[in-house]
Structure formats: structure tokens, C-alpha cells
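Student: Next up is a structure, given as C-alpha cells.
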Amino acid sequence: MANINIKPLADRVLVEPAAAEEKTAGGIIIPDTAKEKPMKGTIVAVGDGTKEQPMTVKSGDKVLYGKYAGTEISVDGNDYLIMRESDIYAVIG
């Protein structure tokens, strides 16, 4: 996990998406054009929440999120997603 200087505001989180699968379970290599966008990642930074809704996730949590959730940003050559906490479906144990 990279150490970056971005602090999300309110109920937003910064997520580093997991790498797309390179092979299928059977060992077939997936070409770049057929790779699906991953729907899981690791939280890198968390906002402070709102008065009505405090944040329930923290940096380092592995999460599942919606396929079209968040906005893609690139910082220092690394790709991240910034999204609302409500776009996160679950925290992975």
C-alpha cells in the first residue's frame, strides 16, 4: 500500500483496486482486452465522515464495491478510485 498525501472529504474513501486476474482457474491466460475491472480493493485513505453518519471502514480494510462505483484517479503513476462509503458493499475478513 502506497503512502500518499490525499485526504478524502466527508464520507469518501480512496481505494486501490486489486489487480485484474491474469489467468482463469483452468490456467487459460486472459488477454488485456477481455479482463474485467476488479470489484475489490484496499482502502488507502478515509474521510472523517459526517455528523449523521460516522465512518465504519478504516485504512487497510479490503472491500468489495460496485462495478461502476467511484471515480478513477491517477496519482504518481498509480491508479485509485475515490468513492462514497455507501458504494462499498462489504469488508472482506
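Residue numbering restarts at 1 in every chain; chains get A, B, ... in the order shown in the C-alpha cells, and ligands count up from 1 in that same order.
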Need to verify the contact set: Glu16 (chain A), 6 Å, only C-alpha atoms, exclusion of same-chain residues closer than 2 positions in sequence. Can you return it as a list in words?
Tutor: Gly41, Thr42 and Tyr80 of chain A
Student: Would you mind listing, for every residue of region 58-86 of chain A within 9 Å of region 5-11 of chain A, the two atoms forming the shortest contact and the distance between them in Å to one decimal, using only C-alpha atoms, sorted by chain and ascending residue number, as CSV?
Tutor:
```
residue,atom,partner,partner_atom,distance
A:Ile82,CA,A:Pro8,CA,7.8
A:Met83,CA,A:Asp11,CA,8.4
A:Arg84,CA,A:Asp11,CA,5.6
A:Glu85,CA,A:Asp11,CA,5.7
A:Ser86,CA,A:Asp11,CA,8.2
```
Student: Please list as a PyMOL selection string every residue within 9 Å of Tyr65 (chain A), counting only C-alpha atoms and excluding residues in the same chain fewer than 6 positions away.
Tutor: chain A and resi 39-41+87-90
Student: If you keep N, CA and C atoms, can you produce a file of those selected residues as a PDB file, in the first residue's frame?
Tutor:
```pdb
ATOM      1  N   MET A  39     -13.600  -5.705  -8.731  1.00  0.00           N
ATOM      2  CA  MET A  39     -14.602  -5.084  -7.872  1.00  0.00           C
ATOM      3  C   MET A  39     -14.219  -5.239  -6.406  1.00  0.00           C
ATOM      4  N   LYS A  40     -12.913  -5.343  -6.167  1.00  0.00           N
ATOM      5  CA  LYS A  40     -12.421  -5.377  -4.805  1.00  0.00           C
ATOM      6  C   LYS A  40     -11.110  -4.611  -4.739  1.00  0.00           C
ATOM      7  N   GLY A  41     -10.771  -4.162  -3.547  1.00  0.00           N
ATOM      8  CA  GLY A  41      -9.551  -3.399  -3.387  1.00  0.00           C
ATOM      9  C   GLY A  41      -9.264  -3.136  -1.921  1.00  0.00           C
ATOM     10  N   ASP A  87     -20.963   3.295  -1.418  1.00  0.00           N
ATOM     11  CA  ASP A  87     -20.704   2.487  -2.609  1.00  0.00           C
ATOM     12  C   ASP A  87     -20.002   1.173  -2.268  1.00  0.00           C
ATOM     13  N   ILE A  88     -19.549   1.030  -1.029  1.00  0.00           N
ATOM     14  CA  ILE A  88     -18.886  -0.180  -0.588  1.00  0.00           C
ATOM     15  C   ILE A  88     -19.935  -1.172  -0.109  1.00  0.00           C
ATOM     16  N   TYR A  89     -19.871  -2.393  -0.624  1.00  0.00           N
ATOM     17  CA  TYR A  89     -20.857  -3.416  -0.276  1.00  0.00           C
ATOM     18  C   TYR A  89     -20.464  -4.200   0.967  1.00  0.00           C
ATOM     19  N   ALA A  90     -19.158  -4.503   1.115  1.00  0.00           N
ATOM     20  CA  ALA A  90     -18.737  -5.358   2.225  1.00  0.00           C
ATOM     21  C   ALA A  90     -17.253  -5.194   2.511  1.00  0.00           C
TER      22      ALA A  90
END
```
Student: My list of candidates is A:Val91, A:Leu81, A:Val46, A:Val75. Which is closest to Val63 (chain A) when distances are computed with only C-alpha atoms?
Tutor: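 Going through A:Val91, A:Leu81, A:Val46, A:Val75 one by one, the smallest distance to Val63 (chain A) is for A:Val91.
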Student: Which is closer to Arg12 (chain A) than all the others in A:Gly60, A:Gly27, A:Gly49, A:Gly77, using only C-alpha atoms?
Tutor: A:Gly49
Student: Using Å and a single decimal, report how far CA of Val15 (chain A) sits from CA of Lys37 (chain A).
Tutor: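 Those two atoms sit 13.6 Å apart.
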Student: When you look at Asn78 (chain A) with a cut-off of 12 Å (counting only C-alpha atoms), what residues show up, excluding the ones that are within fewer than 6 positions of it in the same chain? I need them as a ChimeraX atom specification.
Tutor: /A:1-4,15-19,44,72
Student: Selection from above, N, CA and C atoms, as a CSV table (one decimal), in the first residue's frame, can you write it?
Tutor:
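Writing the result to selection_0.csv gives the following:
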```csv
chain,number,residue,atom,x,y,z
A,1,MET,N,0.9,-1.2,0.0
A,1,MET,CA,0.0,0.0,0.0
A,1,MET,C,0.9,1.2,0.0
A,2,ALA,N,0.6,2.1,-0.9
A,2,ALA,CA,1.4,3.3,-1.0
A,2,ALA,C,1.1,4.4,0.0
A,3,ASN,N,2.1,5.2,0.3
A,3,ASN,CA,1.8,6.3,1.3
A,3,ASN,C,1.6,7.6,0.4
A,4,ILE,N,0.4,8.0,0.3
A,4,ILE,CA,0.1,9.2,-0.5
A,4,ILE,C,-0.5,10.3,0.3
A,15,VAL,N,-9.6,4.1,-2.7
A,15,VAL,CA,-9.4,2.7,-2.7
A,15,VAL,C,-8.4,2.4,-3.8
A,16,GLU,N,-7.5,1.5,-3.5
A,16,GLU,CA,-6.5,1.0,-4.5
A,16,GLU,C,-7.1,-0.4,-5.0
A,17,PRO,N,-7.6,-0.4,-6.3
A,17,PRO,CA,-8.2,-1.6,-6.8
A,17,PRO,C,-7.2,-2.8,-6.9
A,18,ALA,N,-7.7,-4.0,-6.7
A,18,ALA,CA,-6.9,-5.2,-6.8
A,18,ALA,C,-6.6,-5.4,-8.3
A,19,ALA,N,-5.5,-6.1,-8.6
A,19,ALA,CA,-5.1,-6.3,-9.9
A,19,ALA,C,-6.1,-7.3,-10.6
A,44,VAL,N,-7.1,3.0,1.1
A,44,VAL,CA,-5.8,3.7,1.3
A,44,VAL,C,-6.0,4.9,2.3
A,72,GLU,N,-12.2,7.2,-11.2
A,72,GLU,CA,-10.8,6.8,-11.3
A,72,GLU,C,-9.9,8.0,-11.3
```
Student: Using DSSP assignments from the backbone, pull out every residue in chain A that falls under helix (DSSP H, G or I) and give it to me as number ranges by chain.
Tutor: A: 32-34, 85-87
Student: For the strand (DSSP E) assignment from backbone DSSP, which residues of region 33-74 of chain A qualify? Please present them as a list in words.
Tutor: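 Strand (DSSP E) assignments inside region 33-74 of chain A correspond to Lys40, Gly41, Thr42, Ile43, Val44, Ala45, Val46, Lys62, Val63, Leu64, Tyr65, Thr71, Glu72, Ile73 and Ser74 of chain A.
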Student: Since we have the selection now, will you write its residues out, keeping C-alpha atoms, as a tab-separated table (two decimals), in the first residue's frame?
Tutor:
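The resulting selection-v8.tsv:
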```tsv
chain	number	residue	atom	x	y	z
A	40	LYS	CA	-12.42	-5.38	-4.81
A	41	GLY	CA	-9.55	-3.40	-3.39
A	42	THR	CA	-7.80	-1.99	-0.35
A	43	ILE	CA	-8.73	1.28	1.34
A	44	VAL	CA	-5.79	3.69	1.33
A	45	ALA	CA	-7.36	6.79	2.93
A	46	VAL	CA	-10.65	7.58	4.69
A	62	LYS	CA	-10.14	-4.97	1.98
A	63	VAL	CA	-13.52	-4.18	0.46
A	64	LEU	CA	-15.99	-5.16	-2.26
A	65	TYR	CA	-17.64	-2.36	-4.23
A	71	THR	CA	-14.19	7.96	-9.95
A	72	GLU	CA	-10.85	6.79	-11.30
A	73	ILE	CA	-7.85	8.98	-10.50
A	74	SER	CA	-4.13	8.55	-11.06
```
Student: Between CA of Val57 (chain A) and CA of Ala69 (chain A), measure the distance and give it in Å to one decimal.
Tutor: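 Between CA of Val57 (chain A) and CA of Ala69 (chain A) the gap is 16.3 Å.
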